[in-house]
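Visitor: Contents of coords-v5.cif (mmCIF, C-alpha atoms):
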data_structure
#
loop_
_atom_site.label_atom_id
_atom_site.label_comp_id
_atom_site.auth_asym_id
_atom_site.auth_seq_id
_atom_site.Cartn_x
_atom_site.Cartn_y
_atom_site.Cartn_z
CA ALA A 1 6.15 -34.46 -148.54
CA TYR A 2 5.72 -36.32 -151.78
CA SER A 3 2.87 -36.22 -154.27
CA PRO A 4 1.41 -39.51 -155.58
CA GLU A 5 0.21 -37.72 -158.72
CA SER A 6 3.68 -36.51 -159.59
CA GLN A 7 5.08 -39.96 -158.84
CA ASN A 8 2.63 -41.68 -161.17
CA ALA A 9 3.80 -39.45 -164.00
CA GLN A 10 7.39 -40.58 -163.56
CA SER A 11 9.10 -43.74 -164.65
CA GLY A 12 9.88 -46.51 -162.17
CA LYS A 13 13.56 -45.67 -162.48
CA ALA A 14 12.97 -42.01 -161.62
CA LEU A 15 10.90 -43.02 -158.61
CA ALA A 16 13.68 -45.26 -157.37
CA VAL A 17 16.16 -42.40 -157.63
CA GLU A 18 13.83 -40.06 -155.73
CA PHE A 19 13.31 -42.43 -152.84
CA ASN A 20 16.99 -43.35 -152.71
CA LYS A 21 17.99 -39.75 -152.01
CA LYS A 22 17.50 -40.29 -148.28
CA ALA A 23 18.31 -43.98 -147.93
CA ASP A 24 18.41 -47.10 -150.06
CA ARG A 25 15.81 -48.81 -147.90
CA ASN A 26 12.97 -46.28 -148.07
CA LYS A 27 9.55 -47.92 -148.13
CA ILE A 28 5.93 -46.82 -148.22
CA LEU A 29 3.19 -47.84 -145.78
CA ASP A 30 -0.19 -46.27 -146.48
CA TYR A 31 0.57 -42.54 -146.47
CA ILE A 32 4.06 -42.52 -144.91
CA VAL A 33 7.56 -43.13 -146.23
CA TYR A 34 9.99 -44.73 -143.81
CA THR A 35 13.49 -46.14 -143.47
CA VAL A 36 14.40 -49.22 -141.46
CA GLU A 37 17.63 -48.75 -139.49
CA LYS A 38 18.22 -52.42 -138.74
CA GLY A 39 21.53 -51.89 -137.01
CA LYS A 40 19.71 -49.77 -134.46
CA GLU A 41 16.49 -51.79 -134.70
CA GLU A 42 14.36 -48.73 -135.37
CA VAL A 43 12.17 -47.10 -138.00
CA ILE A 44 12.47 -43.46 -139.06
CA ILE A 45 9.57 -41.63 -140.73
CA THR A 46 11.17 -39.67 -143.57
CA ASP A 47 8.28 -38.37 -145.68
CA CYS A 48 4.54 -38.62 -146.32
CA ASP A 49 1.80 -38.15 -148.90
CA MET A 50 1.27 -34.38 -148.98
CA TYR A 51 -2.41 -34.84 -149.89
CA ILE A 52 -3.49 -36.79 -146.81
CA SER A 53 -6.48 -35.23 -145.09
CA GLY A 54 -8.49 -35.73 -141.91
CA SER A 55 -7.18 -37.76 -138.97
CA HIS A 56 -4.22 -40.13 -139.02
CA SER A 57 -2.02 -42.15 -136.67
CA ILE A 58 1.66 -43.06 -136.89
CA PRO A 59 2.05 -46.67 -135.72
CA ASP A 60 4.29 -47.76 -132.86
CA ILE A 61 5.75 -50.70 -134.77
CA ILE A 62 6.59 -51.26 -138.44
CA GLU A 63 8.16 -54.50 -139.66
CA GLY A 64 8.74 -55.48 -136.04
CA TYR A 65 10.81 -52.37 -135.29
CA SER A 66 9.88 -49.39 -133.12
CA VAL A 67 9.10 -46.11 -134.87
CA THR A 68 11.52 -43.80 -133.05
CA ASN A 69 12.11 -40.69 -135.16
CA ILE A 70 10.12 -38.20 -137.21
CA ASP A 71 12.65 -36.79 -139.67
CA PRO A 72 13.01 -33.07 -140.49
CA ASP A 73 10.35 -31.92 -143.00
CA ALA A 74 8.57 -35.31 -142.82
CA PHE A 75 5.04 -33.82 -142.81
CA ARG A 76 5.98 -30.41 -144.15
CA GLY A 77 3.34 -28.94 -146.44
CA CYS A 78 0.59 -31.44 -145.59
CA THR A 79 -1.98 -28.67 -145.67
CA LEU A 80 -5.07 -30.90 -145.39
CA ILE A 81 -4.22 -33.04 -142.36
CA GLU A 82 -6.33 -32.08 -139.32
CA SER A 83 -5.35 -34.49 -136.57
CA LEU A 84 -2.35 -36.73 -135.92
CA VAL A 85 -1.47 -39.24 -133.22
CA ILE A 86 2.21 -40.03 -132.72
CA HIS A 87 2.48 -43.21 -130.68
CA ASP A 88 4.75 -43.60 -127.71
CA ASN A 89 7.85 -45.23 -129.17
CA ALA A 90 8.79 -42.03 -131.00
CA THR A 91 11.46 -40.10 -129.12
CA ARG A 92 12.64 -37.41 -131.55
CA ILE A 93 10.89 -34.87 -133.79
CA GLY A 94 13.09 -33.11 -136.34
CA CYS A 95 13.05 -29.47 -137.40
CA ASN A 96 10.19 -28.30 -139.65
CA ALA A 97 8.54 -31.71 -139.23
CA PHE A 98 5.02 -30.24 -139.39
CA LYS A 99 5.77 -26.92 -141.08
CA ASN A 100 2.81 -25.38 -142.90
CA CYS A 101 0.31 -28.03 -141.84
CA GLU A 102 -2.28 -25.28 -142.04
CA LYS A 103 -5.36 -27.29 -141.02
CA LEU A 104 -3.74 -29.22 -138.18
CA VAL A 105 -5.80 -28.58 -135.03
CA SER A 106 -4.78 -31.54 -132.87
CA ILE A 107 -1.60 -33.54 -132.40
CA SER A 108 -1.03 -36.22 -129.76
CA MET A 109 2.62 -36.18 -128.73
CA PRO A 110 4.39 -39.40 -127.65
CA LYS A 111 4.80 -40.08 -123.93
CA HIS A 112 8.49 -40.94 -124.26
CA LEU A 113 9.52 -37.93 -126.33
CA ASP A 114 13.16 -36.98 -125.73
CA ASN A 115 13.98 -34.28 -128.29
CA ILE A 116 12.10 -31.53 -130.17
CA GLN A 117 14.03 -29.55 -132.77
CA ASP A 118 13.45 -26.01 -134.08
CA TYR A 119 10.44 -24.68 -136.03
CA VAL A 120 8.55 -27.97 -135.73
CA PHE A 121 5.14 -26.29 -135.93
CA GLN A 122 5.98 -23.23 -138.03
CA GLY A 123 2.96 -22.17 -140.08
CA CYS A 124 0.47 -24.41 -138.24
CA GLU A 125 -2.21 -21.73 -138.21
CA ARG A 126 -4.93 -23.65 -136.36
CA LEU A 127 -2.87 -25.50 -133.76
CA LYS A 128 -3.44 -23.58 -130.51
CA ASN A 129 -2.71 -26.06 -127.71
CA ILE A 130 -0.16 -28.81 -127.23
CA TYR A 131 0.55 -31.31 -124.44
CA ILE A 132 4.11 -32.45 -123.69
CA SER A 133 5.16 -35.15 -121.21
CA ASP A 134 7.96 -34.66 -118.69
CA THR A 135 10.39 -36.95 -120.55
CA PRO A 136 12.20 -34.58 -122.99
CA THR A 137 15.83 -33.79 -122.24
CA TYR A 138 16.06 -31.10 -124.92
CA ILE A 139 13.55 -28.74 -126.54
CA ASP A 140 14.98 -26.18 -128.93
CA SER A 141 14.20 -22.61 -127.91
CA TYR A 142 12.73 -22.09 -131.40
CA ALA A 143 10.71 -25.32 -131.41
CA PHE A 144 7.42 -23.41 -131.35
CA ALA A 145 8.59 -20.29 -133.20
CA GLU A 146 6.35 -18.77 -135.89
CA SER A 147 3.47 -21.04 -134.94
CA SER A 148 -0.02 -20.21 -133.64
CA ILE A 149 0.42 -22.18 -130.42
CA GLU A 150 -0.94 -20.24 -127.47
CA HIS A 151 -0.78 -22.80 -124.65
CA ILE A 152 1.73 -25.52 -123.83
CA TYR A 153 0.61 -28.00 -121.18
CA PHE A 154 3.72 -29.54 -119.66
CA GLU A 155 3.57 -32.58 -117.40
CA GLY A 156 6.68 -31.57 -115.46
CA SER A 157 7.61 -28.65 -113.24
CA LYS A 158 8.74 -25.16 -114.17
CA GLU A 159 12.27 -26.09 -113.10
CA GLN A 160 12.26 -29.08 -115.44
CA TRP A 161 11.05 -26.96 -118.32
CA GLU A 162 13.73 -24.33 -117.79
CA SER A 163 16.42 -27.01 -117.68
CA ILE A 164 15.44 -28.52 -121.04
CA CYS A 165 14.22 -25.46 -122.94
CA ASP A 166 16.47 -22.49 -122.32
CA GLY A 167 15.26 -19.28 -123.92
CA LEU A 168 11.55 -19.83 -124.60
CA GLU A 169 9.78 -16.97 -122.87
CA GLU A 170 6.08 -16.53 -122.22
CA SER A 171 6.45 -13.04 -123.69
CA GLU A 172 6.52 -14.75 -127.10
CA GLY A 173 2.77 -15.19 -126.77
CA ILE A 174 2.85 -18.73 -125.41
CA THR A 175 1.57 -19.54 -121.94
CA ILE A 176 3.19 -22.58 -120.34
CA HIS A 177 1.10 -24.55 -117.84
CA TYR A 178 3.19 -26.73 -115.55
CA ASN A 179 2.36 -30.00 -113.78
CA GLN A 180 -0.34 -30.82 -116.32
CA LYS A 181 -1.43 -34.32 -117.25
CA PRO A 182 -1.44 -34.71 -121.05
CA ALA A 183 -4.76 -35.53 -122.68
CA THR A 184 -4.97 -39.14 -123.80
CA GLU A 185 -6.82 -40.86 -126.62
CA GLU A 186 -8.67 -42.90 -123.99
CA TYR A 187 -9.86 -39.71 -122.29
CA VAL A 188 -11.15 -38.28 -125.56
CA ASN A 189 -12.91 -41.53 -126.45
CA SER A 190 -14.52 -41.79 -123.01
CA ASN A 191 -15.91 -38.25 -123.30
CA ILE A 192 -16.86 -38.27 -126.96
CA GLY A 193 -20.56 -38.56 -126.10
CA ASP A 194 -20.46 -35.35 -124.07
CA ILE A 195 -18.52 -33.60 -126.81
CA GLU A 196 -21.00 -34.65 -129.50
CA ALA A 197 -23.96 -33.64 -127.31
CA ALA A 198 -22.45 -30.20 -126.81
CA LEU A 199 -21.90 -29.78 -130.54
CA ASP A 200 -25.48 -30.89 -131.27
CA GLY A 201 -26.70 -28.28 -128.79
CA ILE A 202 -24.73 -25.54 -130.49
CA ILE A 203 -26.01 -26.56 -133.92
CA SER A 204 -29.60 -26.64 -132.62
CA ILE A 205 -29.30 -23.12 -131.23
CA GLN A 206 -27.79 -21.87 -134.49
CA ASN A 207 -30.65 -23.43 -136.48
CA GLU A 208 -33.23 -21.78 -134.25
CA LEU A 209 -31.59 -18.37 -134.60
CA ILE A 210 -31.33 -18.70 -138.37
CA GLY A 211 -34.77 -20.21 -138.89
CA GLY A 212 -36.64 -18.06 -136.44
CA GLY A 213 -37.34 -20.90 -134.10
CA SER A 214 -37.91 -23.64 -136.68
CA VAL A 215 -35.40 -26.41 -137.28
#
Let's see the structure in the file written out as structure tokens.

Guide:
Amino acid sequence: AYSPESQNAQSGKALAVEFNKKADRNKILDYIVYTVEKGKEEVIITDCDMYISGSHSIPDIIEGYSVTNIDPDAFRGCTLIESLVIHDNATRIGCNAFKNCEKLVSISMPKHLDNIQDYVFQGCERLKNIYISDTPTYIDSYAFAESSIEHIYFEGSKEQWESICDGLEESEGITIHYNQKPATEEYVNSNIGDIEAALDGIISIQNELIGGGSV
């Protein structure tokens, strides 16, 4: 991930050299750096602003092209990001893509995901659960290694999982739930009132315990 502060301290020529290390067509949109692969009619996310915080969404389309790949190390070291939605055109997530995203608690995976490389979530200390559709044809056996993920909710069957992810055992501390329907943004939005009400109830109880019954 890149730092805007460090970039501002450099000359325009130095910046050009830095961005040209990966491709001569790297561009910036909001907080992400991307490359347009026009021959393949696709966009690849190559880097991001390491100081982004809160919730963010990677768009489906940029410059009229589908966003298909998240490059290795693209979000590595973004320690302040808490939630990320990857829209459905993305099919591949590279190794270490979200390494050391320490505050990441929620990530919405694309429905048409085909490939997950190794150590994608290494060092994601707060990410406990993840939903994966039944579309991947390959998941590296170390894709979830050295992460804090405890539960994987997989839309497909156990047989499907074993055919695409050879070697990942539940003994590694991860429980895999099969035939699960991934949570959707629409579901979260439709239940946000119940979620907020529950949180308000918890806060009210805490206030009463701390204040001896007074709020």

Visitor: Residues picked by the PyMOL selection byres ((chain A and resi 87-94) around 7) here, as a PyMOL selection string?

Guide: chain A and resi 58-60+66-72+85-86+95-97+110-117+120

Visitor: Provide the CA of Tyr138 in chain A to CA of Gln160 in chain A distance in Å, to one decimal place.

Guide: 10.4 Å

Visitor: Can you tell me, as a ChimeraX atom specification, what residues are no more than 12 Å from Leu29 in chain A when counting only C-alpha atoms, ignoring any on the same chain fewer than 6 positions away?

Guide: /A:35,43,45-49,57-59,61-63

Visitor: Please produce an output containing C-alpha atoms for each residue in the selection, written as a PDB file, keeping the file's coordinate frame.

Guide:
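To be explicit, this is the file written out as selection35.pdb:
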ATOM      1  CA  THR A  35      13.490 -46.140-143.470  1.00  0.00           C
ATOM      2  CA  VAL A  43      12.170 -47.100-138.000  1.00  0.00           C
ATOM      3  CA  ILE A  45       9.570 -41.630-140.730  1.00  0.00           C
ATOM      4  CA  THR A  46      11.170 -39.670-143.570  1.00  0.00           C
ATOM      5  CA  ASP A  47       8.280 -38.370-145.680  1.00  0.00           C
ATOM      6  CA  CYS A  48       4.540 -38.620-146.320  1.00  0.00           C
ATOM      7  CA  ASP A  49       1.800 -38.150-148.900  1.00  0.00           C
ATOM      8  CA  SER A  57      -2.020 -42.150-136.670  1.00  0.00           C
ATOM      9  CA  ILE A  58       1.660 -43.060-136.890  1.00  0.00           C
ATOM     10  CA  PRO A  59       2.050 -46.670-135.720  1.00  0.00           C
ATOM     11  CA  ILE A  61       5.750 -50.700-134.770  1.00  0.00           C
ATOM     12  CA  ILE A  62       6.590 -51.260-138.440  1.00  0.00           C
ATOM     13  CA  GLU A  63       8.160 -54.500-139.660  1.00  0.00           C
TER      14      GLU A  63
END

Visitor: For Ile174 in chain A, which of A:Ser157, A:Arg76, A:Ser108, A:Ser147 is the closest residue, counting all atoms listed in the file?

Guide: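 Ranking A:Ser157, A:Arg76, A:Ser108, A:Ser147 by distance to Ile174 in chain A, first place goes to A:Ser147.
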
Visitor: To one decimal place in Å, what is the distance between CA of Thr79 in chain A and CA of Tyr153 in chain A?

Guide: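 Taking CA of Thr79 in chain A and CA of Tyr153 in chain A, their separation equals 24.6 Å.
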
Visitor: Might you pull out every residue within 6 Å of Leu80 in chain A, with all atoms listed in the file counted and same-chain residues fewer than 2 positions away left off, and present them as an NGL selection string?

Guide: :A and (53 or 78 or 103)

Visitor: Since we have the selection now, will you write its residues out, keeping C-alpha atoms, as an mmCIF file, in the coordinates of the input?

Guide:
data_model
loop_
_atom_site.group_PDB
_atom_site.id
_atom_site.type_symbol
_atom_site.label_atom_id
_atom_site.label_comp_id
_atom_site.auth_asym_id
_atom_site.auth_seq_id
_atom_site.Cartn_x
_atom_site.Cartn_y
_atom_site.Cartn_z
ATOM 1 C CA SER A 53 -6.480 -35.230 -145.090
ATOM 2 C CA CYS A 78 0.590 -31.440 -145.590
ATOM 3 C CA LYS A 103 -5.360 -27.290 -141.020
#

Visitor: Pull the neighbourhood of (-2.0, -27.5, -118.1) for me: all residues within 10 Å in file coordinates, counting only C-alpha atoms, as an MDAnalysis selection string.

Guide: chainID A and resid 129:132 151:156 175:183

Visitor: Take CA of Glu162 in chain A and CA of Leu127 in chain A and report the distance between them in Å, one decimal.

Guide: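 A separation of 23.1 Å between them.
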
Visitor: Just want the 7 Å neighbourhood of Val105 in chain A, counted on all atoms listed in the file, with same-chain residues fewer than 4 positions away dropped. Output as a PyMOL selection string.

Guide: chain A and resi 82-83+126-127

Visitor: Name the residues that the PyMOL selection byres ((chain A and resi 163-165) around 9) picks from the file above, as a ChimeraX atom specification, using the file's chain letters and numbers.

Guide: /A:136-141,158-162,166-168

Visitor: From the options A:His56, A:Ala143, A:Glu42, A:Ile149, which residue's atoms come nearest to Asp30 in chain A, counting all atoms listed in the file?

Guide: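 Nearest candidate to Asp30 in chain A out of A:His56, A:Ala143, A:Glu42, A:Ile149: A:His56.
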
Visitor: Identify which of the residues A:Val33, A:Ile210, A:Ile52, A:Leu104 lies closest to Asp73 in chain A, counting only C-alpha atoms when measuring atom-to-atom distances.

Guide: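 For Asp73 in chain A, the nearest of the candidates is A:Val33.
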
Visitor: Give me the residues within 7 Å of Phe144 in chain A as a PyMOL selection string, counting all atoms listed in the file and dropping any in the same chain fewer than 5 places off.

Guide: chain A and resi 119-122
